[in-house]
file query-v5.txt (compact mmCIF, C-alpha atoms)
# COMPACT_ATOMS: atom_id res chain seq x y z
CA MET Z 19 33.69 82.42 184.34
CA ILE Z 20 34.46 86.13 184.20
CA ARG Z 21 36.48 85.69 187.40
CA PHE Z 22 38.55 82.96 185.73
CA ILE Z 23 39.28 85.15 182.72
CA THR Z 24 40.23 88.00 185.04
CA ALA Z 25 42.59 85.68 186.93
CA VAL Z 26 44.26 84.60 183.69
CA GLY Z 27 44.65 88.20 182.60
CA HIS Z 28 46.00 89.20 186.00
CA SER Z 29 48.68 86.51 186.03
CA THR Z 30 49.63 87.22 182.41
CA LEU Z 31 50.06 90.89 183.16
CA GLN Z 32 52.08 90.05 186.26
CA LEU Z 33 54.33 87.75 184.24
CA LEU Z 34 54.86 90.42 181.60
CA THR Z 35 55.62 93.17 184.10
CA SER Z 36 58.08 90.95 185.96
CA LEU Z 37 59.76 90.07 182.66
CA GLY Z 38 59.96 93.79 181.91
CA ARG Z 39 61.46 94.57 185.32
CA ALA Z 40 63.97 91.76 184.86
CA SER Z 41 65.00 93.11 181.45
CA LEU Z 42 65.38 96.66 182.79
CA LEU Z 43 67.49 95.34 185.65
CA LEU Z 44 69.64 93.39 183.17
CA LEU Z 45 70.17 96.53 181.09
CA ALA Z 46 71.11 98.53 184.19
CA MET Z 47 73.61 95.84 185.23
CA LEU Z 48 75.13 95.72 181.75
CA ARG Z 49 75.52 99.50 181.84
CA GLY Z 50 77.27 99.05 185.18
CA LEU Z 51 79.88 96.65 183.81
CA PRO Z 52 82.42 99.35 182.85
CA SER Z 53 82.36 100.73 186.38
CA VAL Z 54 82.96 97.19 187.69
CA LEU Z 55 86.01 96.84 185.49
CA LYS Z 56 87.30 100.11 186.92
CA ARG Z 57 87.11 98.60 190.42
CA PRO Z 58 88.32 95.01 189.99
CA ARG Z 59 88.37 94.65 193.79
CA LEU Z 60 84.56 94.30 193.82
CA LEU Z 61 84.69 91.64 191.12
CA ILE Z 62 87.47 89.66 192.83
CA ASP Z 63 85.57 89.52 196.13
CA GLN Z 64 82.50 88.22 194.33
CA MET Z 65 84.48 85.74 192.23
CA HIS Z 66 85.73 84.40 195.54
CA SER Z 67 82.32 83.97 197.13
CA VAL Z 68 80.47 82.59 194.08
CA GLY Z 69 83.31 80.86 192.22
CA VAL Z 70 86.11 79.73 194.49
CA LEU Z 71 83.82 78.47 197.23
CA THR Z 72 81.85 76.43 194.65
CA ILE Z 73 84.95 74.60 193.39
CA SER Z 74 84.78 71.88 196.04
CA ILE Z 75 81.18 70.79 195.39
CA VAL Z 76 81.61 70.99 191.61
CA SER Z 77 84.84 69.00 191.54
CA ILE Z 78 83.62 66.28 193.88
CA SER Z 79 80.34 65.95 191.97
CA GLY Z 80 82.19 65.89 188.66
CA LEU Z 81 84.50 63.13 189.81
CA PHE Z 82 81.65 60.97 191.06
CA VAL Z 83 79.42 61.60 188.03
CA GLY Z 84 82.28 60.51 185.77
CA MET Z 85 82.90 57.43 187.86
CA VAL Z 86 79.24 56.38 187.91
CA LEU Z 87 78.93 57.07 184.19
CA ALA Z 88 81.91 54.80 183.50
CA LEU Z 89 80.55 52.03 185.73
CA GLN Z 90 77.10 52.10 184.16
CA SER Z 91 78.26 52.40 180.55
CA HIS Z 92 80.84 49.68 181.05
CA HIS Z 93 78.11 47.37 182.29
CA ILE Z 94 76.07 47.82 179.10
CA LEU Z 95 78.89 48.33 176.58
CA SER Z 96 80.70 45.15 177.66
CA ARG Z 97 77.59 43.18 176.76
CA PHE Z 98 78.12 44.16 173.13
CA GLY Z 99 81.88 43.85 173.34
CA ALA Z 100 82.19 47.59 172.85
CA ASP Z 101 84.27 48.44 175.94
CA SER Z 102 86.60 50.42 173.75
CA ALA Z 103 83.88 53.04 173.26
CA LEU Z 104 83.77 53.71 177.02
CA GLY Z 105 86.07 56.73 176.90
CA LEU Z 106 84.15 58.30 174.04
CA MET Z 107 80.82 57.70 175.74
CA VAL Z 108 81.90 59.21 179.07
CA ALA Z 109 83.59 62.22 177.46
CA ALA Z 110 80.77 62.94 175.01
CA ALA Z 111 78.10 62.74 177.71
CA LEU Z 112 80.10 65.00 180.03
CA ILE Z 113 81.21 67.60 177.53
CA ARG Z 114 77.97 67.91 175.63
CA GLU Z 115 75.38 67.63 178.38
CA LEU Z 116 76.25 66.72 181.92
CA GLY Z 117 79.12 69.16 182.45
CA PRO Z 118 77.29 72.35 181.52
CA VAL Z 119 73.88 71.32 182.92
CA LEU Z 120 74.91 69.78 186.23
CA SER Z 121 77.45 72.45 187.04
CA ALA Z 122 74.82 75.12 186.37
CA LEU Z 123 72.35 73.33 188.67
CA LEU Z 124 74.99 72.90 191.38
CA PHE Z 125 75.97 76.53 190.98
CA THR Z 126 72.38 77.63 191.54
CA GLY Z 127 72.07 75.49 194.64
CA ARG Z 128 75.36 76.61 196.10
CA ALA Z 129 75.83 80.20 194.91
CA GLY Z 130 72.64 81.39 193.17
CA SER Z 131 70.44 80.86 196.21
CA ALA Z 132 73.04 82.58 198.41
CA LEU Z 133 73.12 85.55 196.04
CA THR Z 134 69.35 85.90 196.16
CA ALA Z 135 69.26 85.66 199.94
CA GLU Z 136 72.08 88.17 200.31
CA ILE Z 137 70.55 90.75 198.01
CA GLY Z 138 67.08 90.12 199.43
CA LEU Z 139 68.32 90.73 202.97
CA MET Z 140 70.14 93.86 201.84
CA LYS Z 141 66.84 95.07 200.52
CA ALA Z 142 64.89 94.00 203.63
CA THR Z 143 67.35 95.74 205.96
CA GLU Z 144 67.26 98.80 203.66
CA GLN Z 145 70.95 98.70 202.88
CA LEU Z 146 70.18 99.19 199.22
CA SER Z 147 68.06 102.26 199.97
CA SER Z 148 70.75 103.75 202.18
CA LEU Z 149 73.27 103.33 199.37
CA GLU Z 150 70.87 105.25 197.13
CA MET Z 151 70.60 107.91 199.84
CA MET Z 152 74.36 108.33 199.59
CA ALA Z 153 74.06 108.74 195.81
CA VAL Z 154 75.70 105.36 195.23
CA ASN Z 155 73.90 103.31 192.62
CA PRO Z 156 73.42 99.82 194.13
CA LYS Z 157 72.85 98.36 190.66
CA TYR Z 158 76.38 99.33 189.70
CA HIS Z 159 78.14 98.56 192.97
CA ILE Z 160 76.22 95.61 194.39
CA LEU Z 161 74.47 93.88 191.50
CA ALA Z 162 76.78 94.31 188.51
CA PRO Z 163 79.89 92.75 190.16
CA ARG Z 164 77.83 89.78 191.33
CA PHE Z 165 76.36 89.37 187.86
CA LEU Z 166 79.73 89.45 186.13
CA ALA Z 167 81.31 87.12 188.70
CA SER Z 168 78.58 84.50 188.28
CA PHE Z 169 78.61 84.84 184.52
CA LEU Z 170 82.37 84.24 184.43
CA SER Z 171 82.40 81.47 187.03
CA VAL Z 172 79.88 79.07 185.52
CA PRO Z 173 81.82 78.22 182.30
CA LEU Z 174 85.03 77.72 184.30
CA LEU Z 175 83.22 75.47 186.77
CA ALA Z 176 81.66 73.51 183.90
CA ALA Z 177 85.09 72.93 182.35
CA LEU Z 178 86.37 71.78 185.74
CA PHE Z 179 83.37 69.47 186.13
CA SER Z 180 83.89 67.86 182.72
CA SER Z 181 87.64 67.42 183.18
CA LEU Z 182 87.30 65.80 186.56
CA GLY Z 183 84.45 63.67 185.21
CA VAL Z 184 86.71 62.39 182.42
CA LEU Z 185 89.43 61.68 184.98
CA GLY Z 186 86.89 59.88 187.19
CA GLY Z 187 85.75 57.84 184.21
CA TRP Z 188 89.37 56.96 183.49
CA LEU Z 189 89.93 55.98 187.14
CA VAL Z 190 87.00 53.56 187.07
CA GLY Z 191 87.22 52.42 183.45
CA GLY Z 192 90.95 52.36 182.86
CA VAL Z 193 92.36 51.61 186.30
CA ILE Z 194 89.71 49.55 188.08
CA LEU Z 195 87.73 47.84 185.31
CA GLY Z 196 90.79 47.40 183.11
CA VAL Z 197 89.56 48.82 179.82
CA ASP Z 198 92.50 49.23 177.43
CA GLU Z 199 93.90 52.72 178.03
CA ALA Z 200 94.88 53.32 174.42
CA ALA Z 201 91.33 52.49 173.34
CA PHE Z 202 89.92 54.67 176.11
CA TRP Z 203 91.86 57.83 175.24
CA GLY Z 204 92.15 57.06 171.53
CA GLY Z 205 88.42 56.51 171.11
CA MET Z 206 87.81 59.73 173.00
CA GLN Z 207 90.22 61.76 170.89
CA GLY Z 208 88.91 60.24 167.68
CA GLY Z 209 85.26 60.84 168.52
CA ILE Z 210 85.29 64.22 170.27
CA ASP Z 211 85.50 67.13 167.90
CA LEU Z 212 86.87 70.45 169.09
CA ARG Z 213 84.28 72.63 167.40
CA ASN Z 214 81.24 70.38 167.40
CA ASP Z 215 81.54 69.10 170.93
CA LEU Z 216 83.85 71.21 173.06
CA ILE Z 217 83.00 74.67 171.72
CA ASN Z 218 79.28 73.88 171.74
CA GLY Z 219 79.57 72.70 175.35
CA VAL Z 220 81.31 75.94 176.28
CA ILE Z 221 78.61 77.97 174.51
CA LYS Z 222 76.02 76.08 176.54
CA SER Z 223 77.74 76.79 179.83
CA ILE Z 224 78.15 80.48 178.96
CA THR Z 225 74.40 80.67 178.27
CA PHE Z 226 73.64 78.90 181.53
CA GLY Z 227 75.97 81.21 183.44
CA PHE Z 228 74.07 84.19 182.06
CA VAL Z 229 70.71 82.70 183.02
CA CYS Z 230 71.85 81.65 186.52
CA ALA Z 231 73.25 85.09 187.28
CA TRP Z 232 70.30 86.98 185.87
CA ILE Z 233 67.59 84.99 187.67
CA ALA Z 234 69.38 84.90 191.03
CA ILE Z 235 70.03 88.62 191.09
CA TYR Z 236 66.61 89.59 189.77
CA GLN Z 237 64.84 87.46 192.36
CA GLY Z 238 66.89 88.97 195.16
CA TYR Z 239 66.39 92.52 193.96
CA ASP Z 240 62.69 92.05 193.29
CA CYS Z 241 61.75 90.15 196.46
CA VAL Z 242 59.21 91.25 199.03
CA PRO Z 243 61.45 92.77 201.73
CA THR Z 244 60.38 90.52 204.60
CA SER Z 245 61.90 87.32 205.92
CA GLU Z 246 59.13 85.33 204.25
CA GLY Z 247 59.64 87.21 201.00
CA VAL Z 248 63.37 86.46 201.02
CA SER Z 249 62.76 82.77 201.63
CA ARG Z 250 60.27 82.64 198.77
CA ALA Z 251 62.62 84.46 196.46
CA THR Z 252 65.38 81.96 197.24
CA THR Z 253 63.09 79.06 196.42
CA ARG Z 254 61.99 80.76 193.21
CA THR Z 255 65.62 81.24 192.18
CA VAL Z 256 66.41 77.56 192.46
CA VAL Z 257 63.18 76.41 190.80
CA GLN Z 258 63.21 78.91 187.94
CA THR Z 259 66.91 78.53 187.21
CA SER Z 260 66.67 74.75 187.15
CA MET Z 261 63.72 74.85 184.77
CA ALA Z 262 65.31 77.50 182.57
CA VAL Z 263 68.60 75.59 182.38
CA LEU Z 264 66.96 72.28 181.51
CA GLY Z 265 64.62 73.85 178.98
CA LEU Z 266 67.37 75.90 177.36
CA ASP Z 267 69.55 72.81 177.27
CA PHE Z 268 66.97 71.03 175.14
CA ILE Z 269 66.67 73.96 172.76
CA LEU Z 270 70.44 74.41 172.48
CA THR Z 271 70.98 70.69 171.91
CA ALA Z 272 68.33 70.66 169.20
CA LEU Z 273 70.01 73.63 167.52
CA MET Z 274 73.59 72.37 167.89
CA PHE Z 275 73.56 68.64 167.37
CA ASN Z 276 70.99 68.08 164.63
CA HIS Z 277 73.33 67.00 161.84
CA MET M 2 95.42 92.94 204.03
CA VAL M 3 96.52 89.33 204.43
CA LYS M 4 92.95 88.22 203.92
CA ASN M 5 92.72 90.28 200.72
CA ARG M 6 95.86 88.63 199.40
CA LEU M 7 94.37 85.22 200.25
CA ILE M 8 91.17 85.99 198.35
CA GLU M 9 93.10 87.22 195.34
CA THR M 10 95.22 84.08 195.32
CA GLY M 11 92.10 81.95 195.57
CA VAL M 12 90.45 83.72 192.63
CA GLY M 13 93.65 83.52 190.60
CA LEU M 14 93.89 79.80 191.26
CA PHE M 15 90.23 79.37 190.33
CA VAL M 16 90.65 81.12 186.99
CA LEU M 17 93.84 79.19 186.23
CA ILE M 18 92.25 75.87 187.17
CA GLY M 19 89.23 76.69 185.01
CA PHE M 20 91.30 77.52 181.95
CA GLY M 21 93.57 74.56 182.68
CA ALA M 22 90.52 72.31 182.61
CA LEU M 23 89.47 73.79 179.26
CA LEU M 24 92.95 73.20 177.89
CA PHE M 25 92.91 69.63 179.19
CA LEU M 26 89.58 69.04 177.45
CA ALA M 27 90.87 70.55 174.21
CA ILE M 28 94.15 68.66 174.09
CA GLN M 29 93.65 65.38 175.88
CA VAL M 30 89.97 64.77 175.16
CA SER M 31 89.34 66.23 171.72
CA GLY M 32 92.80 65.20 170.47
CA LEU M 33 93.84 68.65 169.32
CA GLY M 34 97.48 67.98 170.21
CA GLU M 35 97.68 64.89 168.02
CA PHE M 36 96.41 66.91 165.11
CA TYR M 37 99.23 69.45 165.23
CA GLN M 38 102.01 67.12 166.29
CA ASP M 39 101.95 64.95 163.22
CA GLU M 40 102.60 66.51 159.89
CA SER M 41 101.13 64.44 157.11
CA PHE M 42 101.31 63.95 153.38
CA LYS M 43 98.46 63.47 150.95
CA VAL M 44 97.80 60.76 148.41
CA THR M 45 94.65 60.17 146.39
CA ALA M 46 92.83 56.98 145.57
CA ARG M 47 90.01 56.49 143.05
CA PHE M 48 87.18 54.10 143.79
CA ASP M 49 84.23 52.91 141.71
CA ASN M 50 82.04 53.07 144.78
CA ILE M 51 82.94 54.39 148.21
CA GLY M 52 79.70 53.04 149.72
CA GLY M 53 79.36 54.94 152.99
CA LEU M 54 83.00 55.86 153.60
CA LYS M 55 83.10 59.15 155.51
CA THR M 56 85.73 61.83 155.89
CA ASN M 57 87.90 61.35 158.96
CA ALA M 58 87.63 57.56 158.59
CA PRO M 59 90.86 55.75 159.52
CA VAL M 60 93.41 54.56 156.96
CA THR M 61 95.22 51.42 158.14
CA ILE M 62 98.11 49.22 157.12
CA ALA M 63 98.13 45.76 158.69
CA GLY M 64 95.39 47.01 161.00
CA VAL M 65 97.47 49.90 162.34
CA GLU M 66 96.10 53.38 161.81
CA VAL M 67 98.51 55.41 159.67
CA GLY M 68 96.26 58.26 158.60
CA ARG M 69 92.77 59.56 157.96
CA VAL M 70 90.51 60.22 154.99
CA GLN M 71 90.62 63.96 154.50
CA ASP M 72 88.23 64.54 151.66
CA ILE M 73 85.93 62.62 149.35
CA HIS M 74 84.57 64.01 146.11
CA TYR M 75 83.16 62.81 142.83
CA ASP M 76 85.08 63.10 139.59
CA PRO M 77 82.45 63.68 136.88
CA GLU M 78 84.86 62.94 134.01
CA GLU M 79 85.82 59.49 135.16
CA PHE M 80 82.54 58.75 136.95
CA ARG M 81 84.52 57.66 139.99
CA ALA M 82 84.93 58.81 143.58
CA VAL M 83 88.23 60.39 144.60
CA ALA M 84 89.33 60.04 148.21
CA THR M 85 92.20 62.14 149.55
CA LEU M 86 94.12 60.33 152.28
CA ASN M 87 96.21 62.14 154.89
CA ILE M 88 99.04 59.81 155.89
CA GLN M 89 101.41 60.57 158.76
CA ASN M 90 104.79 61.87 157.69
CA ARG M 91 106.81 59.18 159.42
CA TYR M 92 105.52 56.71 156.81
CA HIS M 93 106.59 59.00 153.98
CA GLY M 94 108.76 56.95 151.63
CA HIS M 95 107.90 53.65 153.25
CA ILE M 96 104.72 52.83 151.34
CA PRO M 97 105.29 51.24 147.88
CA ASP M 98 103.53 52.91 144.95
CA ASP M 99 101.76 49.71 143.92
CA THR M 100 99.92 49.58 147.24
CA PHE M 101 96.43 48.13 147.07
CA ALA M 102 93.64 50.17 148.72
CA LYS M 103 90.46 48.45 149.86
CA ILE M 104 87.39 49.87 151.54
CA LEU M 105 86.66 47.59 154.47
CA THR M 106 84.07 47.48 157.22
CA ALA M 107 84.95 47.19 160.90
CA GLY M 108 82.79 44.28 161.96
CA LEU M 109 79.51 43.44 160.31
CA LEU M 110 77.81 46.76 160.94
CA GLY M 111 80.80 48.92 161.81
CA GLU M 112 82.28 52.02 160.28
CA LYS M 113 83.94 51.91 156.87
CA TYR M 114 87.68 52.39 156.72
CA ILE M 115 90.46 52.09 154.13
CA GLY M 116 92.91 49.21 154.42
CA LEU M 117 96.18 49.54 152.52
CA GLN M 118 98.04 46.42 151.43
CA PRO M 119 101.65 47.23 150.45
CA GLY M 120 102.85 45.81 147.14
CA GLY M 121 106.37 44.83 146.07
CA SER M 122 107.47 47.93 144.16
CA GLU M 123 110.78 49.64 144.91
CA ASP M 124 109.40 53.13 144.38
CA PRO M 125 107.54 54.70 147.32
CA LEU M 126 104.36 56.76 147.34
CA THR M 127 105.12 60.44 147.88
CA GLN M 128 103.19 63.63 148.52
CA GLY M 129 100.47 64.02 145.87
CA GLY M 130 100.83 60.45 144.66
CA GLU M 131 97.97 58.29 143.56
CA ILE M 132 97.04 54.76 144.54
CA THR M 133 95.96 53.11 141.30
CA ILE M 134 94.93 49.65 142.43
CA THR M 135 91.74 49.90 144.44
CA GLN M 136 88.83 47.77 145.44
CA SER M 137 85.44 49.33 146.04
CA SER M 138 83.29 48.95 149.04
CA LEU M 139 81.13 45.86 149.12
CA VAL M 140 77.53 47.01 148.86
CA LEU M 141 75.30 44.45 150.49
CA GLU M 142 72.34 45.09 148.17
CA GLU M 143 74.47 44.40 145.08
CA ILE M 144 75.76 41.13 146.48
CA ILE M 145 72.25 40.02 147.33
CA GLY M 146 71.12 41.10 143.87
CA GLN M 147 73.84 39.05 142.21
CA PHE M 148 73.03 36.07 144.37
CA LEU M 149 69.34 36.21 143.49
CA PHE M 150 70.18 36.67 139.80
CA SER M 151 72.48 33.64 139.74
CA LYS M 152 69.87 31.62 141.59
CA SER M 153 67.20 32.49 139.06
CA GLN M 154 69.50 31.37 136.21
CA GLU M 155 69.70 27.87 137.68
CA PRO M 156 67.30 25.30 136.20
CA LEU M 157 64.43 24.38 138.45
CA PRO M 158 64.95 21.10 140.24
call {"tool": "encode", "arguments": {"input": "query-v5.txt", "output": "structure tokens"}}
result
Amino acid sequence: MIRFITAVGHSTLQLLTSLGRASLLLLAMLRGLPSVLKRPRLLIDQMHSVGVLTISIVSISGLFVGMVLALQSHHILSRFGADSALGLMVAAALIRELGPVLSALLFTGRAGSALTAEIGLMKATEQLSSLEMMAVNPKYHILAPRFLASFLSVPLLAALFSSLGVLGGWLVGGVILGVDEAAFWGGMQGGIDLRNDLINGVIKSITFGFVCAWIAIYQGYDCVPTSEGVSRATTRTVVQTSMAVLGLDFILTALMFNH
Amino acid sequence: MVKNRLIETGVGLFVLIGFGALLFLAIQVSGLGEFYQDESFKVTARFDNIGGLKTNAPVTIAGVEVGRVQDIHYDPEEFRAVATLNIQNRYHGHIPDDTFAKILTAGLLGEKYIGLQPGGSEDPLTQGGEITITQSSLVLEEIIGQFLFSKSQEPLP
């Protein structure tokens, strides 16, 4: 019994200390942002490796998600003679939920895990320590550019995902299934509100970008510097980010869309 | 050096594509463009009962959307509801001032909207005008109430 209580206390303390380390790391990275802006080169390289290289997977997924969404909704909506709501349904689902959430999940799988592995290996091969030896702060030069690049990339990728999803929905709904185009776009424009839907979707994706970047970099920086430790940290990044994104999505939806 | 240029171009394209996608969502999907393109003029209409009409509901003539309901409020002096209608400018001067405004329902359970039925007057409705002939929304409970009342008046068979 006592052993059980001790175990609970131990894991609670571990959780709290890791939360504390993560917050300190976040603060250090935020303090490093001005020095990143002074050297845009660092940021551009990272934007390339986390953002540009993720475009392909995000755009292809977006297109197919939109197409599947249109096929499935058409199947059900046509039963009630409500085909004209197809455009609205596809756009609302993509802009409010699927765009921000799925692009954040894809980002973690494609770029977040790579970030963790990269930073973890830097730590394991003592590159971070050697930077410190040379009086270069790795938090400013290695971590902060990666953080900012991920944070900026996720909202852009989410917008790309939603747009291509809408186009995919139009391809399937308007071109292949023959839903009236005026009803498709008109219903969408009538039902989607700039502030309520689009801006809230962008706020969601900004939040997710922050979470993705923070967790990936913290896990890499905090990993056990062995090959096993790096592999575990990479797994933890994907698992924790996915859970955080889905949980946050519920909370944000409850806050935003509870008219 | 060439590789650096390539990376910079890639990042530039990425940022432009991202913002382009946002712009596409704002204009094509949320219909922001439509909102600014069409200037509109306002007329008011007073109803005894608006029964579930909401702001942003369509205003139609002959089934064609010509505007939207901009605002609905209650006039405590007349005990009536006042709806402000935003009608597209290209119809300015083409709607007679004895137009009849009805609150209709799209389908049995659909959204409420306002249907305008043009009258025969020579004078058009202009900015700030008022539609005087209106018909309130049909409230299902009232109709059922009237039906039951008239039934109970009938002598028993």
call {"tool": "atom_distance", "arguments": {"input": "query-v5.txt", "atom1": "CA of Arg128 (chain Z)", "atom2": "CA of Val3 (chain M)"}}
result
26.1 Å
call {"tool": "interface_residues", "arguments": {"input": "query-v5.txt", "of": "chain Z", "to": "chain M", "cutoff": "10 Å", "atoms": "all atoms listed in the file", "output": "PDB file with C-alpha atoms, keeping the file's coordinate frame"}}
result
ATOM      1  CA  ARG Z  59      88.370  94.650 193.790  1.00  0.00           C
ATOM      2  CA  LEU Z  61      84.690  91.640 191.120  1.00  0.00           C
ATOM      3  CA  ILE Z  62      87.470  89.660 192.830  1.00  0.00           C
ATOM      4  CA  ASP Z  63      85.570  89.520 196.130  1.00  0.00           C
ATOM      5  CA  GLN Z  64      82.500  88.220 194.330  1.00  0.00           C
ATOM      6  CA  MET Z  65      84.480  85.740 192.230  1.00  0.00           C
ATOM      7  CA  HIS Z  66      85.730  84.400 195.540  1.00  0.00           C
ATOM      8  CA  SER Z  67      82.320  83.970 197.130  1.00  0.00           C
ATOM      9  CA  GLY Z  69      83.310  80.860 192.220  1.00  0.00           C
ATOM     10  CA  VAL Z  70      86.110  79.730 194.490  1.00  0.00           C
ATOM     11  CA  LEU Z  71      83.820  78.470 197.230  1.00  0.00           C
ATOM     12  CA  THR Z  72      81.850  76.430 194.650  1.00  0.00           C
ATOM     13  CA  ILE Z  73      84.950  74.600 193.390  1.00  0.00           C
ATOM     14  CA  GLY Z 105      86.070  56.730 176.900  1.00  0.00           C
ATOM     15  CA  LEU Z 106      84.150  58.300 174.040  1.00  0.00           C
ATOM     16  CA  ALA Z 109      83.590  62.220 177.460  1.00  0.00           C
ATOM     17  CA  ALA Z 110      80.770  62.940 175.010  1.00  0.00           C
ATOM     18  CA  ILE Z 113      81.210  67.600 177.530  1.00  0.00           C
ATOM     19  CA  LEU Z 170      82.370  84.240 184.430  1.00  0.00           C
ATOM     20  CA  SER Z 171      82.400  81.470 187.030  1.00  0.00           C
ATOM     21  CA  VAL Z 172      79.880  79.070 185.520  1.00  0.00           C
ATOM     22  CA  PRO Z 173      81.820  78.220 182.300  1.00  0.00           C
ATOM     23  CA  LEU Z 174      85.030  77.720 184.300  1.00  0.00           C
ATOM     24  CA  LEU Z 175      83.220  75.470 186.770  1.00  0.00           C
ATOM     25  CA  ALA Z 176      81.660  73.510 183.900  1.00  0.00           C
ATOM     26  CA  ALA Z 177      85.090  72.930 182.350  1.00  0.00           C
ATOM     27  CA  LEU Z 178      86.370  71.780 185.740  1.00  0.00           C
ATOM     28  CA  PHE Z 179      83.370  69.470 186.130  1.00  0.00           C
ATOM     29  CA  SER Z 180      83.890  67.860 182.720  1.00  0.00           C
ATOM     30  CA  SER Z 181      87.640  67.420 183.180  1.00  0.00           C
ATOM     31  CA  LEU Z 182      87.300  65.800 186.560  1.00  0.00           C
ATOM     32  CA  VAL Z 184      86.710  62.390 182.420  1.00  0.00           C
ATOM     33  CA  TRP Z 203      91.860  57.830 175.240  1.00  0.00           C
ATOM     34  CA  GLY Z 204      92.150  57.060 171.530  1.00  0.00           C
ATOM     35  CA  GLY Z 205      88.420  56.510 171.110  1.00  0.00           C
ATOM     36  CA  MET Z 206      87.810  59.730 173.000  1.00  0.00           C
ATOM     37  CA  GLN Z 207      90.220  61.760 170.890  1.00  0.00           C
ATOM     38  CA  GLY Z 208      88.910  60.240 167.680  1.00  0.00           C
ATOM     39  CA  GLY Z 209      85.260  60.840 168.520  1.00  0.00           C
ATOM     40  CA  ILE Z 210      85.290  64.220 170.270  1.00  0.00           C
ATOM     41  CA  ASP Z 211      85.500  67.130 167.900  1.00  0.00           C
ATOM     42  CA  LEU Z 212      86.870  70.450 169.090  1.00  0.00           C
ATOM     43  CA  ARG Z 213      84.280  72.630 167.400  1.00  0.00           C
ATOM     44  CA  ASP Z 215      81.540  69.100 170.930  1.00  0.00           C
ATOM     45  CA  LEU Z 216      83.850  71.210 173.060  1.00  0.00           C
ATOM     46  CA  ILE Z 217      83.000  74.670 171.720  1.00  0.00           C
ATOM     47  CA  VAL Z 220      81.310  75.940 176.280  1.00  0.00           C
TER      48      VAL Z 220
END
call {"tool": "residues_around", "arguments": {"input": "query-v5.txt", "residues": "region 135-152 of chain M", "least_positions_apart": "5", "cutoff": "9 Å", "atoms": "only C-alpha atoms", "output": "list in words"}}
result
Ala46, Arg47, Phe48, Asp49, Asn50, Ile51, Gly52, Gly53, Leu54, Thr100, Phe101, Ala102, Lys103, Ile104, Leu105, Thr106 and Lys113 of chain M
call {"tool": "atom_distance", "arguments": {"input": "query-v5.txt", "atom1": "CA of Gly192 (chain Z)", "atom2": "CA of Ile78 (chain Z)"}}
result
19.2 Å
call {"tool": "residues_near_point", "arguments": {"input": "query-v5.txt", "point": "(101.4, 64.5, 148.0)", "cutoff": "10 Å", "atoms": "all atoms listed in the file", "output": "number ranges by chain"}}
result
M: 41-45, 85-88, 93, 126-131
call {"tool": "closest_residue", "arguments": {"input": "query-v5.txt", "among": "Z:Ile235, Z:Val263, Z:Met19, Z:Ala25", "to": "Ser131 (chain Z)", "atoms": "all atoms listed in the file"}}
result
Z:Ile235
call {"tool": "build_atoms", "arguments": {"input": "query-v5.txt", "residues": "region 36-44 of chain Z", "atoms": "N, CA, C and O atoms", "output": "tab-separated table (two decimals), keeping the file's coordinate frame"}}
result
chain	number	residue	atom	x	y	z
Z	36	SER	N	56.86	91.42	185.30
Z	36	SER	CA	58.08	90.95	185.96
Z	36	SER	C	59.17	90.69	184.93
Z	36	SER	O	60.35	90.96	185.18
Z	37	LEU	N	58.77	90.22	183.73
Z	37	LEU	CA	59.76	90.07	182.66
Z	37	LEU	C	60.36	91.43	182.29
Z	37	LEU	O	61.56	91.56	182.10
Z	38	GLY	N	59.49	92.45	182.24
Z	38	GLY	CA	59.96	93.79	181.91
Z	38	GLY	C	60.92	94.31	182.95
Z	38	GLY	O	61.98	94.85	182.63
Z	39	ARG	N	60.56	94.10	184.26
Z	39	ARG	CA	61.46	94.57	185.32
Z	39	ARG	C	62.80	93.85	185.24
Z	39	ARG	O	63.86	94.46	185.41
Z	40	ALA	N	62.72	92.52	184.95
Z	40	ALA	CA	63.97	91.76	184.86
Z	40	ALA	C	64.84	92.29	183.72
Z	40	ALA	O	66.06	92.42	183.87
Z	41	SER	N	64.20	92.63	182.58
Z	41	SER	CA	65.00	93.11	181.45
Z	41	SER	C	65.61	94.46	181.77
Z	41	SER	O	66.77	94.72	181.43
Z	42	LEU	N	64.83	95.35	182.44
Z	42	LEU	CA	65.38	96.66	182.79
Z	42	LEU	C	66.55	96.51	183.74
Z	42	LEU	O	67.58	97.18	183.61
Z	43	LEU	N	66.41	95.57	184.70
Z	43	LEU	CA	67.49	95.34	185.65
Z	43	LEU	C	68.74	94.84	184.91
Z	43	LEU	O	69.85	95.28	185.19
Z	44	LEU	N	68.51	93.93	183.94
Z	44	LEU	CA	69.64	93.39	183.17
Z	44	LEU	C	70.36	94.53	182.44
Z	44	LEU	O	71.59	94.62	182.47
